[in-house]
Every structure is written in C-alpha cells, then in structure tokens.
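Student: Sharing data_2.txt here; it has compact mmCIF, C-alpha atoms and all ligand atoms.
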```txt
# COMPACT_ATOMS: atom_id res chain seq x y z
CA MET A 30 5.73 -139.26 161.87
CA THR A 31 5.52 -136.33 164.28
CA ASP A 32 7.26 -133.32 162.74
CA GLU A 33 6.39 -129.79 161.64
CA ALA A 34 4.37 -131.16 158.72
CA PHE A 35 2.22 -133.19 161.13
CA PHE A 36 1.26 -130.14 163.19
CA SER A 37 0.98 -127.94 160.13
CA ALA A 38 -1.76 -130.25 158.84
CA LEU A 39 -3.63 -129.60 162.09
CA ALA A 40 -3.43 -125.81 161.67
CA GLN A 41 -6.05 -123.57 160.09
CA PRO A 42 -5.87 -123.60 156.26
CA GLY A 43 -4.28 -120.12 156.04
CA ILE A 44 -1.55 -121.03 158.49
CA GLN A 45 -0.77 -124.34 156.76
CA LYS A 46 0.67 -122.38 153.83
CA LEU A 47 2.23 -119.61 155.91
CA ARG A 48 5.95 -118.92 156.16
CA ALA A 49 7.13 -117.06 159.28
CA TYR A 50 8.20 -113.41 158.97
CA ASP A 51 11.88 -113.28 158.03
CA PRO A 52 13.62 -110.78 160.33
CA GLY A 53 16.91 -110.97 158.41
CA HIS A 54 20.14 -111.96 160.15
CA ASP A 55 20.55 -113.31 163.69
CA LEU A 56 21.90 -110.06 165.08
CA VAL A 57 22.53 -111.34 168.58
CA ALA A 58 24.87 -113.97 167.15
CA PHE A 59 26.55 -111.26 165.06
CA ARG A 60 27.05 -109.05 168.12
CA ARG A 61 28.72 -111.94 169.95
CA ARG A 62 30.96 -112.66 167.00
CA PHE A 63 32.02 -109.03 166.65
CA GLU A 64 32.38 -108.31 170.36
CA GLY A 65 35.07 -105.69 170.89
CA ARG A 66 35.08 -104.80 167.19
CA HIS A 67 32.85 -102.46 165.20
CA LEU A 68 29.60 -103.97 164.03
CA ILE A 69 27.65 -101.66 161.74
CA GLU A 70 23.98 -102.64 161.97
CA LEU A 71 22.12 -101.11 159.06
CA GLY A 72 19.60 -103.86 158.38
CA SER A 73 16.54 -103.08 160.50
CA ASN A 74 15.85 -99.36 160.07
CA GLU A 75 16.58 -98.64 163.69
CA ASN A 76 17.41 -95.13 164.79
CA PRO A 77 21.17 -94.74 165.44
CA TYR A 78 20.71 -91.63 167.59
CA GLY A 79 18.75 -93.36 170.34
CA PRO A 80 15.67 -92.14 172.20
CA SER A 81 15.11 -88.89 174.07
CA ALA A 82 16.93 -88.65 177.43
CA ARG A 83 13.48 -88.06 178.92
CA ALA A 84 12.32 -91.43 177.60
CA LYS A 85 15.31 -93.16 179.19
CA GLU A 86 14.55 -91.54 182.54
CA ALA A 87 10.92 -92.57 182.24
CA ILE A 88 11.95 -96.19 181.59
CA LEU A 89 14.11 -96.27 184.73
CA ALA A 90 11.31 -94.80 186.81
CA THR A 91 9.03 -97.75 185.95
CA ILE A 92 11.40 -100.36 187.44
CA HIS A 93 10.01 -100.32 190.96
CA ASP A 94 6.43 -100.85 189.85
CA SER A 95 7.29 -103.60 187.36
CA PHE A 96 5.65 -106.19 189.60
CA ARG A 97 2.30 -104.56 188.77
CA TYR A 98 0.48 -105.02 185.48
CA SER A 99 0.80 -102.15 183.05
CA ASP A 100 -2.21 -99.88 182.54
CA PRO A 101 -4.52 -102.02 180.36
CA LEU A 102 -6.11 -98.84 179.04
CA GLY A 103 -2.82 -97.03 178.35
CA GLY A 104 -4.75 -93.93 179.39
CA ASP A 105 -1.88 -91.47 179.84
CA LEU A 106 -0.26 -92.32 176.52
CA LYS A 107 -3.60 -92.27 174.71
CA ARG A 108 -4.40 -88.83 176.09
CA ALA A 109 -0.96 -87.53 175.10
CA LEU A 110 -1.34 -88.95 171.59
CA ALA A 111 -4.90 -87.63 171.30
CA ALA A 112 -3.80 -84.13 172.28
CA LYS A 113 -0.93 -84.24 169.79
CA HIS A 114 -3.10 -85.39 166.90
CA GLY A 115 -6.23 -83.42 167.76
CA VAL A 116 -8.49 -86.46 168.22
CA GLU A 117 -10.39 -88.10 171.09
CA PRO A 118 -8.54 -90.72 173.20
CA ALA A 119 -11.27 -93.14 172.03
CA SER A 120 -9.84 -92.79 168.53
CA ILE A 121 -6.54 -94.35 169.63
CA LEU A 122 -5.60 -98.02 169.84
CA LEU A 123 -2.26 -98.99 171.37
CA GLY A 124 -0.27 -101.97 170.15
CA ASN A 125 2.76 -104.02 171.12
CA GLY A 126 4.43 -102.41 168.14
CA SER A 127 2.32 -101.49 165.13
CA HIS A 128 3.07 -104.97 163.75
CA GLU A 129 0.61 -106.38 166.30
CA LEU A 130 -2.09 -103.96 165.15
CA LEU A 131 -1.48 -104.67 161.46
CA MET A 132 -2.10 -108.36 162.20
CA GLN A 133 -5.16 -107.53 164.28
CA PHE A 134 -6.83 -105.52 161.49
CA ALA A 135 -6.91 -108.67 159.37
CA GLN A 136 -8.08 -110.78 162.31
CA VAL A 137 -11.00 -108.39 162.79
CA PHE A 138 -11.93 -107.32 159.25
CA ALA A 139 -10.78 -110.20 157.05
CA GLY A 140 -11.36 -113.95 157.05
CA PRO A 141 -12.23 -116.82 154.70
CA GLY A 142 -14.04 -115.54 151.63
CA VAL A 143 -12.77 -112.00 152.16
CA ASP A 144 -10.26 -110.19 149.92
CA VAL A 145 -7.39 -108.15 151.32
CA VAL A 146 -5.67 -105.79 148.89
CA ALA A 147 -2.03 -104.71 149.10
CA SER A 148 0.60 -103.53 146.63
CA ARG A 149 3.45 -105.45 145.07
CA PHE A 150 6.55 -104.64 147.18
CA GLY A 151 4.28 -103.63 150.06
CA PHE A 152 5.45 -104.39 153.61
CA ALA A 153 5.71 -108.18 154.19
CA VAL A 154 3.44 -108.13 157.25
CA TYR A 155 0.32 -107.35 155.16
CA ALA A 156 0.50 -110.66 153.30
CA ILE A 157 1.15 -112.57 156.52
CA ALA A 158 -1.79 -110.86 158.23
CA ALA A 159 -4.16 -111.71 155.37
CA GLN A 160 -3.00 -115.31 155.26
CA CYS A 161 -3.27 -115.77 159.04
CA ALA A 162 -6.84 -114.58 158.84
CA GLY A 163 -7.57 -117.12 156.09
CA ALA A 164 -8.40 -114.30 153.68
CA THR A 165 -7.39 -114.03 150.02
CA LEU A 166 -4.60 -111.56 149.32
CA ARG A 167 -4.93 -109.61 146.09
CA VAL A 168 -1.65 -108.00 145.11
CA ALA A 169 -1.99 -104.88 142.97
CA PRO A 170 0.83 -104.07 140.54
CA CYS A 171 3.22 -101.28 141.57
CA ASN A 172 4.62 -98.45 139.46
CA ALA A 173 6.96 -99.42 136.63
CA ASP A 174 10.67 -98.71 136.86
CA ASP A 175 10.40 -95.79 134.42
CA HIS A 176 7.79 -94.07 136.61
CA ALA A 177 8.82 -91.03 138.70
CA MET A 178 8.33 -93.24 141.76
CA PRO A 179 9.68 -96.62 140.60
CA ARG A 180 8.15 -99.57 142.46
CA GLY A 181 5.98 -97.20 144.47
CA HIS A 182 2.30 -97.83 145.15
CA ASP A 183 0.10 -97.45 142.04
CA LEU A 184 -3.03 -96.11 143.74
CA ASP A 185 -5.16 -96.54 140.61
CA ALA A 186 -4.15 -100.19 140.38
CA ILE A 187 -4.91 -100.68 144.07
CA ALA A 188 -8.37 -99.11 143.66
CA THR A 189 -8.98 -101.37 140.65
CA ALA A 190 -8.02 -104.46 142.70
CA ILE A 191 -10.84 -103.79 145.18
CA THR A 192 -13.78 -106.14 144.61
CA PRO A 193 -17.13 -106.56 146.38
CA ALA A 194 -15.35 -109.20 148.53
CA THR A 195 -12.72 -106.69 149.72
CA ARG A 196 -12.93 -105.53 153.34
CA LEU A 197 -9.36 -104.39 153.94
CA VAL A 198 -6.61 -102.51 152.08
CA TYR A 199 -3.07 -102.05 153.37
CA LEU A 200 -0.94 -99.16 152.15
CA ALA A 201 2.32 -97.80 153.49
CA ASN A 202 3.29 -94.17 153.04
CA PRO A 203 6.22 -94.00 152.78
CA ASN A 204 6.60 -97.68 151.95
CA ASN A 205 9.06 -100.24 153.26
CA PRO A 206 11.13 -101.75 151.61
CA THR A 207 11.01 -99.33 148.67
CA GLY A 208 11.20 -95.99 150.55
CA THR A 209 8.73 -94.59 148.02
CA TRP A 210 5.75 -92.36 148.75
CA TYR A 211 2.64 -90.89 147.16
CA GLY A 212 1.22 -87.38 147.37
CA ALA A 213 -1.84 -86.06 149.18
CA ASP A 214 -3.78 -85.32 145.97
CA ALA A 215 -3.35 -88.84 144.62
CA PHE A 216 -4.43 -90.30 147.95
CA ALA A 217 -7.54 -88.07 148.15
CA ALA A 218 -8.52 -89.24 144.65
CA PHE A 219 -7.95 -92.85 145.75
CA MET A 220 -10.10 -92.56 148.89
CA ALA A 221 -12.95 -91.08 146.83
CA LYS A 222 -13.04 -94.40 144.88
CA VAL A 223 -12.97 -96.73 147.90
CA PRO A 224 -16.35 -98.09 149.06
CA ALA A 225 -17.31 -97.13 152.63
CA ASP A 226 -17.34 -100.80 153.73
CA VAL A 227 -13.64 -101.27 152.92
CA VAL A 228 -11.23 -100.46 155.76
CA VAL A 229 -8.14 -98.69 154.46
CA VAL A 230 -5.10 -99.04 156.74
CA VAL A 231 -2.35 -96.55 155.98
CA ASP A 232 0.87 -97.61 157.69
CA GLU A 233 2.82 -94.43 158.47
CA ALA A 234 5.75 -96.01 160.32
CA TYR A 235 8.16 -93.54 158.67
CA ALA A 236 5.91 -90.45 158.66
CA GLU A 237 8.19 -88.39 160.91
CA PHE A 238 11.03 -88.62 158.39
CA VAL A 239 9.01 -87.18 155.51
CA ASP A 240 10.00 -83.79 154.12
CA ALA A 241 8.53 -83.94 150.59
CA PRO A 242 5.96 -81.11 150.51
CA GLU A 243 3.43 -83.07 148.42
CA CYS A 244 3.32 -85.91 150.95
CA ALA A 245 0.79 -85.52 153.78
CA SER A 246 -0.45 -87.82 156.52
CA ALA A 247 -3.70 -89.66 155.83
CA LEU A 248 -4.87 -88.24 159.17
CA THR A 249 -5.95 -85.10 157.31
CA LEU A 250 -8.67 -87.12 155.50
CA GLN A 251 -10.05 -89.03 158.47
CA ALA A 252 -12.89 -86.58 159.13
CA ALA A 253 -14.21 -87.34 155.64
CA TYR A 254 -13.62 -91.12 155.71
CA PRO A 255 -14.54 -93.12 158.85
CA ASN A 256 -13.12 -96.23 157.13
CA LEU A 257 -9.63 -94.72 157.06
CA VAL A 258 -7.12 -95.98 159.65
CA VAL A 259 -3.60 -94.65 160.26
CA THR A 260 -0.95 -96.67 162.10
CA ARG A 261 2.21 -95.17 163.59
CA THR A 262 5.09 -96.50 165.65
CA PHE A 263 7.60 -95.47 168.31
CA SER A 264 10.13 -97.88 166.77
CA LYS A 265 11.64 -95.66 164.10
CA ALA A 266 11.97 -91.88 164.57
CA TYR A 267 11.38 -92.16 168.34
CA ALA A 268 14.05 -94.89 168.60
CA LEU A 269 12.11 -97.19 170.95
CA ALA A 270 12.03 -100.31 168.74
CA GLY A 271 12.96 -102.63 171.62
CA LEU A 272 10.07 -101.49 173.79
CA ARG A 273 7.39 -102.34 171.20
CA VAL A 274 4.90 -99.49 171.13
CA GLY A 275 2.73 -98.63 168.16
CA PHE A 276 -0.70 -97.13 167.75
CA ALA A 277 -3.60 -96.70 165.37
CA ILE A 278 -5.82 -93.66 164.94
CA ALA A 279 -9.31 -94.24 163.56
CA HIS A 280 -13.02 -93.66 164.08
CA PRO A 281 -13.94 -94.48 167.73
CA GLY A 282 -16.46 -97.07 166.54
CA LEU A 283 -13.81 -98.91 164.53
CA ILE A 284 -11.37 -98.71 167.45
CA ALA A 285 -14.05 -100.12 169.80
CA VAL A 286 -14.35 -103.23 167.61
CA MET A 287 -10.57 -103.63 167.52
CA GLU A 288 -10.46 -103.31 171.34
CA ARG A 289 -12.57 -106.49 171.60
CA VAL A 290 -9.63 -108.63 170.48
CA ARG A 291 -6.73 -106.63 171.91
CA GLU A 292 -4.76 -108.54 174.54
CA SER A 293 -5.44 -106.69 177.82
CA PHE A 294 -1.89 -105.77 178.84
CA ASN A 295 -0.39 -105.68 175.36
CA VAL A 296 1.86 -102.66 176.00
CA ASN A 297 4.30 -102.97 178.89
CA SER A 298 4.75 -100.26 181.51
CA ALA A 299 8.26 -99.24 180.40
CA GLY A 300 6.99 -98.84 176.85
CA LEU A 301 3.98 -96.77 177.88
CA ALA A 302 6.10 -94.43 180.00
CA ALA A 303 8.90 -94.14 177.44
CA ALA A 304 6.53 -93.41 174.57
CA GLU A 305 4.72 -90.70 176.52
CA ALA A 306 8.00 -89.05 177.52
CA ALA A 307 9.40 -89.33 173.98
CA LEU A 308 6.27 -87.67 172.61
CA GLY A 309 6.92 -84.70 174.88
CA ASP A 310 10.47 -84.18 173.61
CA VAL A 311 9.79 -82.55 170.26
CA GLU A 312 13.27 -81.05 170.20
CA HIS A 313 14.92 -84.47 170.21
CA LEU A 314 12.61 -85.76 167.49
CA ASP A 315 13.30 -82.72 165.30
CA TRP A 316 17.03 -83.18 165.81
CA VAL A 317 16.87 -86.87 164.84
CA VAL A 318 14.78 -86.12 161.76
CA ALA A 319 17.17 -83.36 160.63
CA ARG A 320 20.21 -85.63 161.11
CA ASN A 321 18.49 -88.40 159.16
CA ALA A 322 17.56 -86.11 156.27
CA GLU A 323 21.13 -84.83 156.07
CA GLN A 324 22.71 -88.30 156.22
CA ARG A 325 20.13 -89.75 153.81
CA GLY A 326 21.27 -87.19 151.25
CA VAL A 327 24.96 -87.76 151.93
CA LEU A 328 24.66 -91.54 151.75
CA ALA A 329 22.50 -91.56 148.61
CA THR A 330 24.99 -89.29 146.83
CA ALA A 331 27.93 -91.46 147.90
CA LEU A 332 26.21 -94.69 146.76
CA ARG A 333 25.25 -93.15 143.42
CA ALA A 334 28.84 -91.94 142.98
CA ARG A 335 29.79 -95.63 143.14
CA GLY A 336 27.54 -96.38 140.19
CA LEU A 337 24.72 -97.89 142.24
CA THR A 338 21.03 -97.14 141.66
CA VAL A 339 19.43 -95.67 144.76
CA PHE A 340 15.65 -95.45 144.79
CA PRO A 341 13.99 -92.25 146.04
CA SER A 342 13.34 -92.37 149.79
CA GLN A 343 11.42 -90.36 152.37
CA THR A 344 12.42 -92.76 155.13
CA ASN A 345 15.53 -93.69 157.13
CA PHE A 346 16.65 -96.32 154.61
CA LEU A 347 17.69 -96.55 150.98
CA LEU A 348 16.70 -99.39 148.68
CA THR A 349 19.82 -99.80 146.59
CA GLN A 350 20.28 -101.83 143.43
CA PHE A 351 23.62 -103.64 143.22
CA ALA A 352 23.14 -105.72 140.06
CA GLU A 353 20.90 -106.29 137.08
CA PRO A 354 17.50 -107.83 137.91
CA GLY A 355 17.90 -111.57 138.34
CA ASP A 356 21.57 -111.41 139.26
CA ASN A 357 20.80 -112.30 142.86
CA ALA A 358 23.93 -114.42 143.21
CA ARG A 359 26.20 -111.41 142.75
CA VAL A 360 24.34 -109.41 145.38
CA ALA A 361 24.25 -112.33 147.83
CA LYS A 362 28.03 -112.49 147.50
CA ILE A 363 28.42 -108.76 148.17
CA GLU A 364 26.07 -109.00 151.13
CA ALA A 365 27.93 -111.96 152.61
CA ALA A 366 31.29 -110.22 152.15
CA LEU A 367 29.95 -107.16 153.98
CA CYS A 368 28.79 -109.37 156.85
CA GLU A 369 32.30 -110.80 157.08
CA VAL A 370 33.68 -107.33 157.79
CA GLY A 371 30.88 -106.50 160.23
CA VAL A 372 28.45 -104.53 158.08
CA VAL A 373 24.89 -105.87 158.23
CA LEU A 374 22.43 -104.79 155.55
CA ARG A 375 19.04 -106.26 154.67
CA PRO A 376 18.81 -108.88 151.92
CA MET A 377 15.73 -108.39 149.72
CA VAL A 378 15.31 -111.89 148.24
CA GLY A 379 12.10 -112.41 150.20
CA TYR A 380 10.59 -109.39 148.44
CA GLY A 381 11.61 -110.59 144.98
CA LEU A 382 14.27 -107.87 144.91
CA GLY A 383 17.33 -110.08 145.29
CA HIS A 384 19.40 -107.73 143.13
CA CYS A 385 18.90 -105.00 145.77
CA LEU A 386 19.85 -104.47 149.41
CA ARG A 387 18.04 -102.23 151.87
CA ILE A 388 20.43 -99.93 153.70
CA THR A 389 19.39 -98.16 156.89
CA VAL A 390 20.73 -94.60 156.98
CA GLY A 391 23.18 -94.67 159.88
CA ASN A 392 24.92 -91.81 161.63
CA ALA A 393 27.86 -90.12 159.88
CA ASP A 394 30.41 -92.54 161.34
CA GLU A 395 28.39 -95.67 160.45
CA ASN A 396 27.82 -94.43 156.92
CA ARG A 397 31.53 -93.74 156.44
CA ARG A 398 32.41 -97.23 157.66
CA LEU A 399 29.74 -98.76 155.42
CA LEU A 400 31.13 -96.95 152.37
CA ALA A 401 34.70 -97.96 153.21
CA ALA A 402 33.64 -101.61 153.55
CA LEU A 403 31.67 -101.38 150.32
CA ASP A 404 34.67 -99.99 148.46
CA GLU A 405 36.74 -102.91 149.68
CA VAL A 406 34.11 -105.50 148.79
CA LEU A 407 33.26 -104.04 145.36
CA ALA A 408 36.94 -103.69 144.39
C1 LIG A 501 9.19 -100.85 161.03
C2 LIG A 501 7.84 -100.89 160.43
C3 LIG A 501 6.71 -100.96 161.21
C4 LIG A 501 6.83 -100.85 162.68
O1 LIG A 501 6.79 -102.01 163.34
P1 LIG A 501 6.67 -101.98 164.92
O2 LIG A 501 5.95 -103.24 165.18
O3 LIG A 501 5.87 -100.78 165.33
O4 LIG A 501 8.06 -101.94 165.45
C5 LIG A 501 5.47 -100.98 160.61
N1 LIG A 501 5.35 -100.89 159.28
C6 LIG A 501 6.41 -100.76 158.49
C7 LIG A 501 6.23 -100.59 157.04
C8 LIG A 501 7.70 -100.78 159.03
O5 LIG A 501 8.76 -100.69 158.24
```
As structure tokens, how would this structure be written, given the file I've shared?
Tutor:
Amino acid sequence: MTDEAFFSALAQPGIQKLRAYDPGHDLVAFRRRFEGRHLIELGSNENPYGPSARAKEAILATIHDSFRYSDPLGGDLKRALAAKHGVEPASILLGNGSHELLMQFAQVFAGPGVDVVASRFGFAVYAIAAQCAGATLRVAPCNADDHAMPRGHDLDAIATAITPATRLVYLANPNNPTGTWYGADAFAAFMAKVPADVVVVVDEAYAEFVDAPECASALTLQAAYPNLVVTRTFSKAYALAGLRVGFAIAHPGLIAVMERVRESFNVNSAGLAAAEAALGDVEHLDWVVARNAEQRGVLATALRARGLTVFPSQTNFLLTQFAEPGDNARVAKIEAALCEVGVVLRPMVGYGLGHCLRITVGNADENRRLLAALDEVLA
C-alpha cells in the first residue's frame, strides 16, 4: 500500500521517527473566518507594533529588481551586522530565519553516533534538528518549580549531560516557551566546563527584549570560546517575521564550515534590504522594546490578579498556567472557547505543558481584549 508509512520507511532512520514542527493554529483560516471582526493573534510571539518605516520603504524599493537573484553573500547586511556587533563580516552567517540555521548546525556538527544536548522545555526546533541529523538527543532536566527560575535551564544539569559523544549543545536565553533566562555569571561558569570540541549554540531570539541586569548576551564570551555560537533573528523585536531573516555570529572558521551547506540564495532581497534598514532604526527598536516591557508588566499583573500563575519572562510572551498539572482537558476547553471569540493563544500540549498556554504580549488594545475574553470564558 502506498501511503505515508510506505515513504516513511524509505526515509533516513532519524526522519522515520520524526514528527513535523507544530506551528499551532491555521491562522490563515482563522483570519478568513473572522474577516471584518477583531481577531486577536497572540499565539506566535509576533511584534504587534510592526517594523520600522525605513524597513517598509526598503522592502518597496526592492520590487523592481525582484527578477534578479538576491545577493548570495548578503554583503551589505553582514557588514551592517558586523559593525553593530563589533565583529568581522566573516563571523556572520545569514539564514532564512534563524530556524534554518538551527537546523543547519545539527546537519553540520551532529549525525549518527553523535549526542546533541538540550534542556527539558527547550525550544522544539532543537529536538527536530538533532533527529533530522540522525543524532541522539540528550535532554537535560530543567529547574524545579520551586526554583527562582521555574522550568528554566539548569546549566549544571546541561553540563553534566555532555558526554564524549557530544558535539552540539542548544540553549536559549531567554528561552521559548518558558520565557525564563539565566545570568551572565552562571553562563560563564557553564562555558568553563564545556570541552572545546563541543559547539554551544545560544539562541538569542528574544535578546532585544531583555532588561534584567544580570542577563547578558553570550556574545561577550565569544573571544574566550571559539566554540560558542550566538543566533539572532529579525522576526521578533524587529517585526520582520514574514520576511525570514536570521543570523549567527561565531568564529570565522566555524562560519566557513557552515557556509559549505548554506543554500546559495537563502535570504531573499526584500528580507536583506528590510533587515539592514531595520538595523539602522535604533529609535524604533527602542520604542518597541519599551512598549513591550510596559505591556508585559501590565498583562502579567492582570493575569495574576485573575488567580493565574504567570512564569517570569524576559521576552514578549508569558507562559501562563491555567490549571493544575495534568488537567489538560480544562485548559484545552478554555483555549477552544477563546478561539471561538477570536483570541488565539498557543497551546502547550506538544511541550508537555498542557495545563499552560503561551500568551504573546500584545499592544494595549489587544491585551485589553484578551483579558475581556478571558473574563467571559473563565466565568
Ligand atoms: C521565534 C524563535 C526563533 C526565530 O525563528 P526565525 O526562524 O528566526 O523566525 C528562534 N528561536 C526561538 C527560541 C524562537 O522563539
């Protein structure tokens, strides 16, 4: 019989057991259903304020040359990023979103017989990347719920999970879906324990939103550790999720090896131009980050006032507990009821957190509408 199982049996062993990344709801279908009415989309950690006006202008300006291939080197954007971060352009790798690069790190540095280490409640892409590469994923335990950073990365446990077979470690700081973070001192102590032949990828997709003083970018340690990689994205604080631009900063030698497998025109011309322009508009970024911090506080307070547990967050989302662990059915009901009134949040069943929902921090109006809908549904 020719079906998915037939072709699955033909696939590489890692892919035979793989389940596709779950993006949540079909939002296009939702938008059609709620046409002409308010749809509050708080499921994908997108930026409600939109990109810099300069980025929008830059996108329009690329239209006439769209018949040409984009710059396969991404030279202008790399130079702009290099100048901003005080590194050489050769230290920068551009991706069709950072998701692409996260996958590519496993393609390059993992494989059958190799261990990849990530944390429990780490970003879902790390497990998929390891599995696609045919590597063995070792999941380190996270912090306990009574820890100051519940469900956050336990850096000691991650260091302990590294074996002689480990070539790759994925961390996220701050982490998605938990919103949690770790401090610079703890990370420096962690890096001191990691062997030089283990590539450590620190996913800093939410770095721009961070305001906790103890939390620093891993970039500050790169001079000391050539095996340390940082990934960033234009999808979140820069509000260019639909254009798919991400990047990695690492030792030029490591980047050169990654470049061997990069698809030549992986970043499109609108994305390259928009990202470069967005990078130049620091004022807009600062404004977005300030609005997010303000609304993150307002929303967390309002959710807690409703008796819900909100986990600490340095991001643009709040992992929120709606029921006792295991009572997934109750939360699925709440989530479905919210969808019915046009409020889309992110179910967490896939992460083993079915009693929680992940709520993107919207703008003031979206957050008000979310809370009003929640009050109706919880009543
Ligand atoms: C959103 C997100 C990304 C970014 O993905 P892109 O492919 O750059 O849009 C990466 N890592 C984490 C943890 C994220 O939440």
Student: Applying 6 Å and all atoms listed in the file, which residues near stretch 344-350 of chain A remain after dropping the ones on its own chain fewer than 6 positions away? List them as a list in words.
Tutor: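 So the residues in contact are Thr207, Gly208, Tyr235, Phe238, Thr338, His384, Cys385, Leu386, Arg387, Ile388, Thr389 and Val390 of chain A.
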Student: Ligand LIG 501 (chain A): which residues are within 9 Å, counting all atoms listed in the file, as a PyMOL selection string?
Tutor: chain A and resi 73-75+124-131+151-154+200-206+232-235+260-265+269-276
Student: Would you mind telling me which residue in A:Pro354, A:Pro255, A:Gly282, A:Pro77 lies nearest to A:Asn396 when using all atoms listed in the file?
Tutor: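 Comparing A:Pro354, A:Pro255, A:Gly282, A:Pro77 against A:Asn396, the winner is A:Pro77.
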Student: May I have the residues within 7 Å of stretch 171-186 of chain A as an MDAnalysis selection string, using all atoms listed in the file and disregarding those fewer than 6 positions away in the same chain?
Tutor: chainID A and resid 148:149 207 209:210 219
Student: For A:His114, which residue among A:Val327, A:Met377, A:Leu400, A:Leu248 is the nearest when counting all atoms listed in the file?
Tutor: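 Closest residue, counting all atoms listed in the file: A:Leu248.
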Student: Take atom CA of A:Tyr78 and atom CA of A:Ala303 and report the distance between them in Å, one decimal.
Tutor: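 That distance, rounded to one decimal, is 15.6 Å.
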Student: Atom CA of A:Gly300 and atom CA of A:Phe138 are how many Å apart?
Tutor: 27.2 Å
Student: Excluding A:Ala164 and any residue of its chain fewer than 6 positions from it, enumerate the residues within 7 Å of it, using all atoms listed in the file, and give them as a list in words.
Tutor: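 Neighbouring residues, sequence-local ones excluded: Ala139, Gly140, Pro141, Gly142, Val143, Asp144 and Val145 of chain A.
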Student: Write out as a list in words which residues come within 7 Å of A:Cys244 when counting only C-alpha atoms, dropping same-chain ones fewer than 4 positions away.
Tutor: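 Within the cut-off, the hits are Tyr211, Gly212 and Ala213 of chain A.
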Student: Considering only C-alpha atoms, can you say which of A:Ala49, A:Met220, A:Leu250, A:Val228 comes closest to A:Ile284?
Tutor: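 Smallest distance to A:Ile284 is found for A:Val228.
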Student: Could you tell me how far atom CA of A:Pro118 sits from atom CA of A:Asp105, in Å to one decimal place?
Tutor: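 Answer for the atom CA of A:Asp105 to atom CA of A:Pro118 separation: 9.4 Å.
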